[in-house]
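*Asks:* I'd like to ask you about the structure that follows.
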Amino acid sequence: MQSPTDSTAPAAGPGPGPIGVVVVNYASSRLIEQNLGPVRLTDARVVVVDNLSSPAEREAIRALASARGWTLVEMPGNPGFGAGVNAGVRRAEELGCACFLLLNPDAAVDSATVQALRQACLDQPLALVAPRLADLDGRVYSAGSTLNLRDGRTRGLPAVLAHPDPSARPVGWLTAACLAFSADLWRGTGGFDEGYFMYWEDVDFTFRALSAGGRVTLRDDLTAVHDQGGTQGPRRGRAKSSLYYFYNCRNRLLFGVRHLDRADLLRWLISTPKVSWEVLLRGGRHQLVGRPQLAWSAASGGLVGIGYAIRRLAQRDPPVPTLRSSRWTGGV
C-alpha cells in the first residue's frame, strides 16, 4: 500500500536506470533521518518500507519521507524484514531501478559508495556486492561471513581464512545491513524468504543466489558505518535483544530444513544446544546476571527450530543440498 507521500519522480535519464535504496523501518525513523537524511544521492531512488510499529511512528516516517522526497510504502502491519524488503524492491522496480541497495536504518553510507555499488552491480549482474562494515569507532567488524554447512555455525571470513578448519564446508554470505544486487539476480532468486521474519534472511538469500549461479563480492575498498544492533534499542554492553536470540536460534534450523539433506540436517539438530549457547554468548555472560530470560529466548528459539527439523526428518524425501562451495570475488 502506497502512502500519500509516495514520490514518483521519473527514473534517471538514458542509461541502465538508477539504484533503488531500500530501507525497512520499524520504529527507527530517527535513525533513518540521522544516517540517510544528510546524504545527497544521484542516480538513486530511496524507498522506505514502514512495518507498522505505532501510529506516532507512522506519522513520523511519513513526514520524513515527504520532506526528503522519498517513496514510502506503508505496510498494514509488521510482516517482518523479508516481507518489507520484497515490498520495497517491488516498488523500486516500478520506479525503473536497475539494481538495489538494502540499507539498515542504523547503517550509513556516502554518495560515492552508493555509486560504486551501483556500478559494481551493473558490471557484475550475477554478483551480490557489499562493502566492509565498520563500527562507530571506525573498527572493521564485518568483511564477509561464512556458514559452515557441516554444523550451521557462522563465522567472519577473515577468521576462517586465518584459521581454516579442514573439516568445514564454508559457504560465503553477505549481510543485508548494506547489500547491493542487480534486478536480474533478484528475479532469479525470487526475492527474500518471508518465513524467517527477522535474521538469517540474508544467509538464505545469498545461498539461493549462489545456487542460481551467482557470486558474492566483497568490496574491501569501500566501507559503510554500521551501529550494529542500533535498531534493537538501548542495550547494556554487548547484550542483544531477546528477539535476536530467539530468531537466530530458530532460523538456523529453519535454514537447515529449507536447504540440507538428511545427514547434514541431523548433524545441525544434534549440535543445536551447543550452537544456541554460542549465539547467546555473543552478548557476553554478564548480560545474564540482570536478564536471565535471555537464556530462555535462545533456548525456546532452538526448541522451535528442533521441532521444524524433526518434522522434516520424518518426511520421506528431505531436500538435497544444492551447493557445496561459494564463489568469492573481491577488490575493485
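Naming scheme: A, B, ... for chains in displayed order of the C-alpha cells; residues 1 onward per chain; ligands 1 onward as shown.
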Would you mind listing what lies within 9 Å of Leu122 in chain A as a ChimeraX atom specification, with only C-alpha atoms counted and same-chain residues fewer than 4 positions away left out?

*Replies:* /A:16,98-99,117-118,181-182

*Asks:* Identify all residues of range 103-142 of chain A in alpha helix (DSSP H) (DSSP on the backbone) and supply them as a PyMOL selection string.

*Replies:* chain A and resi 111-123

*Asks:* Store the residues of this selection in a file with C-alpha atoms, as a short mmCIF file (atom, residue, chain, number, x, y, z; two decimals), in the first residue's frame.

*Replies:*
```cif
data_model
loop_
_atom_site.label_atom_id
_atom_site.label_comp_id
_atom_site.auth_asym_id
_atom_site.auth_seq_id
_atom_site.Cartn_x
_atom_site.Cartn_y
_atom_site.Cartn_z
CA SER A 111 27.04 9.04 -2.12
CA ALA A 112 30.33 7.84 -3.61
CA THR A 113 29.91 4.41 -2.00
CA VAL A 114 26.36 4.09 -3.30
CA GLN A 115 27.53 4.96 -6.81
CA ALA A 116 30.38 2.46 -6.60
CA LEU A 117 27.97 -0.28 -5.52
CA ARG A 118 25.59 0.66 -8.33
CA GLN A 119 28.35 0.40 -10.91
CA ALA A 120 29.55 -2.90 -9.48
CA CYS A 121 26.06 -4.38 -9.84
CA LEU A 122 25.78 -3.13 -13.41
CA ASP A 123 29.20 -4.56 -14.24
#
```

*Asks:* Going by DSSP on the backbone, which residues of range 137-289 of chain A come out as strand (DSSP E or B)? List them as a ChimeraX atom specification.

*Replies:* /A:140-142,145-148,154-156,170-173,178-182,215-226

*Asks:* Extract, using only C-alpha atoms, all DNA, RNA and protein residues at most 10 Å from range 175-177 of chain A, discarding same-chain residues fewer than 2 positions from it, and format them as a PyMOL selection string.

*Replies:* chain A and resi 23+85+101-108+129-131+133+142-145+173+179-180+199-203+205-206+224-226+228

*Asks:* Those same residues - C-alpha atoms - I'd like them written as a PDB file, in the first residue's frame.

*Replies:*
```pdb
ATOM      1  CA  VAL A  23      15.272   0.769   3.865  1.00  0.00           C
ATOM      2  CA  VAL A  85      12.454  -5.937   1.590  1.00  0.00           C
ATOM      3  CA  LEU A 101      20.857  -1.449  -2.250  1.00  0.00           C
ATOM      4  CA  LEU A 102      19.447  -2.767   1.015  1.00  0.00           C
ATOM      5  CA  LEU A 103      20.391  -0.470   3.873  1.00  0.00           C
ATOM      6  CA  ASN A 104      19.641  -0.863   7.572  1.00  0.00           C
ATOM      7  CA  PRO A 105      18.279   2.181   9.411  1.00  0.00           C
ATOM      8  CA  ASP A 106      21.386   2.081  11.612  1.00  0.00           C
ATOM      9  CA  ALA A 107      23.817   1.976   8.660  1.00  0.00           C
ATOM     10  CA  ALA A 108      25.375   4.988   6.949  1.00  0.00           C
ATOM     11  CA  VAL A 129      28.047  -6.850  -3.628  1.00  0.00           C
ATOM     12  CA  ALA A 130      28.802  -5.382  -0.206  1.00  0.00           C
ATOM     13  CA  PRO A 131      31.347  -3.044   1.385  1.00  0.00           C
ATOM     14  CA  LEU A 133      31.276  -2.673   7.687  1.00  0.00           C
ATOM     15  CA  SER A 142      32.500  -7.369   9.100  1.00  0.00           C
ATOM     16  CA  ALA A 143      34.349  -8.191   5.904  1.00  0.00           C
ATOM     17  CA  GLY A 144      32.266 -11.057   4.622  1.00  0.00           C
ATOM     18  CA  SER A 145      30.947 -14.070   6.523  1.00  0.00           C
ATOM     19  CA  TRP A 173      27.305 -14.883   2.644  1.00  0.00           C
ATOM     20  CA  LEU A 179      23.882  -5.244   0.320  1.00  0.00           C
ATOM     21  CA  ALA A 180      23.591  -4.456  -3.390  1.00  0.00           C
ATOM     22  CA  TYR A 199      17.566 -12.704  10.910  1.00  0.00           C
ATOM     23  CA  TRP A 200      19.023 -15.309   8.522  1.00  0.00           C
ATOM     24  CA  GLU A 201      17.105 -13.925   5.515  1.00  0.00           C
ATOM     25  CA  ASP A 202      20.410 -12.682   4.088  1.00  0.00           C
ATOM     26  CA  VAL A 203      22.120 -16.054   4.651  1.00  0.00           C
ATOM     27  CA  PHE A 205      19.199 -15.168   0.047  1.00  0.00           C
ATOM     28  CA  THR A 206      22.950 -15.459  -0.541  1.00  0.00           C
ATOM     29  CA  ALA A 224      29.913   1.588   5.413  1.00  0.00           C
ATOM     30  CA  VAL A 225      29.413   2.584   9.045  1.00  0.00           C
ATOM     31  CA  HIS A 226      27.004   0.374  10.949  1.00  0.00           C
ATOM     32  CA  GLN A 228      25.476  -2.814  14.942  1.00  0.00           C
TER      33      GLN A 228
END
```

*Asks:* What is the CA of Gly302 in chain A-CA of Gln287 in chain A distance in Å, reported with one decimal?

*Replies:*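 Rounded to one decimal, the two atoms are 19.2 Å apart.
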
*Asks:* Go through range 85-160 of chain A residue by residue and, counting only C-alpha atoms, keep those with an atom at most 12 Å from range 237-251 of chain A; for each kept residue give the shortest atom pair and its distance in Å to one decimal, ordered by chain and increasing number, as a Markdown table.

*Replies:*
```
| residue | atom | partner | partner_atom | distance |
| --- | --- | --- | --- | --- |
| A:Gly152 | CA | A:Cys249 | CA | 10.3 |
| A:Arg153 | CA | A:Cys249 | CA | 10.7 |
| A:Thr154 | CA | A:Asn248 | CA | 10.8 |
```

*Asks:* Identify, on the basis of only C-alpha atoms, every residue whose closest approach to Arg285 in chain A does not exceed 12 Å; exclude the query and any residue fewer than 3 positions from it along the same chain; express the result as a PyMOL selection string.

*Replies:* chain A and resi 236-240+277-282+288-292+294-295

*Asks:* Counting only C-alpha atoms, which of A:Val109, A:Leu269, A:Ala83, A:Ala56 gets nearest to Asn35 in chain A?

*Replies:*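 Once distances to Asn35 in chain A are computed over only C-alpha atoms, the minimum belongs to A:Val109.
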
*Asks:* Given only C-alpha atoms as the basis, pick out the residue of A:Gly256, A:Pro18, A:Gly156, A:Gly307 nearest to Pro170 in chain A.

*Replies:*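 That would be A:Gly156, the residue with the smallest distance to Pro170 in chain A.
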
*Asks:* Excluding same-chain residues fewer than 3 positions from range 74-81 of chain A, what lies within 8 Å of it counting only C-alpha atoms, as an mmCIF file with N, CA and C atoms, in the first residue's frame?

*Replies:*
```cif
data_model
loop_
_atom_site.group_PDB
_atom_site.id
_atom_site.type_symbol
_atom_site.label_atom_id
_atom_site.label_comp_id
_atom_site.auth_asym_id
_atom_site.auth_seq_id
_atom_site.Cartn_x
_atom_site.Cartn_y
_atom_site.Cartn_z
ATOM 1 N N MET A 1 0.851 -1.191 0.000
ATOM 2 C CA MET A 1 0.000 0.000 0.000
ATOM 3 C C MET A 1 0.882 1.234 0.000
ATOM 4 N N GLN A 2 0.661 2.133 -0.917
ATOM 5 C CA GLN A 2 1.457 3.347 -1.020
ATOM 6 C C GLN A 2 0.830 4.451 -0.181
ATOM 7 N N SER A 3 1.679 5.243 0.441
ATOM 8 C CA SER A 3 1.176 6.349 1.248
ATOM 9 C C SER A 3 0.943 7.566 0.376
ATOM 10 N N VAL A 24 14.074 -0.759 5.321
ATOM 11 C CA VAL A 24 12.912 -1.269 6.040
ATOM 12 C C VAL A 24 12.905 -0.643 7.429
ATOM 13 N N VAL A 49 10.239 1.359 3.494
ATOM 14 C CA VAL A 49 9.096 0.492 3.801
ATOM 15 C C VAL A 49 8.860 0.568 5.302
ATOM 16 N N ASP A 50 7.673 0.995 5.689
ATOM 17 C CA ASP A 50 7.360 1.117 7.110
ATOM 18 C C ASP A 50 6.551 -0.075 7.573
ATOM 19 N N ASN A 51 7.205 -0.967 8.314
ATOM 20 C CA ASN A 51 6.487 -2.035 9.009
ATOM 21 C C ASN A 51 5.877 -1.419 10.264
ATOM 22 N N LEU A 52 4.580 -1.464 10.358
ATOM 23 C CA LEU A 52 3.850 -0.689 11.352
ATOM 24 C C LEU A 52 4.282 -1.033 12.777
ATOM 25 N N SER A 53 4.685 0.006 13.520
ATOM 26 C CA SER A 53 5.025 -0.160 14.930
ATOM 27 C C SER A 53 4.068 0.628 15.820
ATOM 28 N N GLY A 84 9.219 -6.852 4.135
ATOM 29 C CA GLY A 84 9.478 -5.442 3.894
ATOM 30 C C GLY A 84 10.437 -5.232 2.739
ATOM 31 N N VAL A 85 11.504 -6.026 2.696
ATOM 32 C CA VAL A 85 12.454 -5.937 1.590
ATOM 33 C C VAL A 85 11.756 -6.231 0.263
ATOM 34 N N GLU A 194 10.148 -14.932 3.213
ATOM 35 C CA GLU A 194 9.466 -14.202 4.272
ATOM 36 C C GLU A 194 9.193 -15.044 5.515
ATOM 37 N N TYR A 196 11.294 -16.284 7.604
ATOM 38 C CA TYR A 196 12.239 -16.108 8.710
ATOM 39 C C TYR A 196 11.795 -15.006 9.676
ATOM 40 N N PHE A 197 11.053 -14.036 9.221
ATOM 41 C CA PHE A 197 10.579 -12.865 9.963
ATOM 42 C C PHE A 197 11.705 -11.881 10.260
ATOM 43 N N MET A 198 12.769 -12.319 10.917
ATOM 44 C CA MET A 198 13.944 -11.478 11.106
ATOM 45 C C MET A 198 15.158 -12.372 11.373
#
```

*Asks:* Between CA of Ala134 in chain A and CA of Tyr26 in chain A, what is the distance, to one decimal in Å?

*Replies:* 22.6 Å

*Asks:* Would you mind reading off the distance between CA of Asp317 in chain A and CA of His259 in chain A, one decimal, in Å?

*Replies:*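 It comes out at 12.4 Å.
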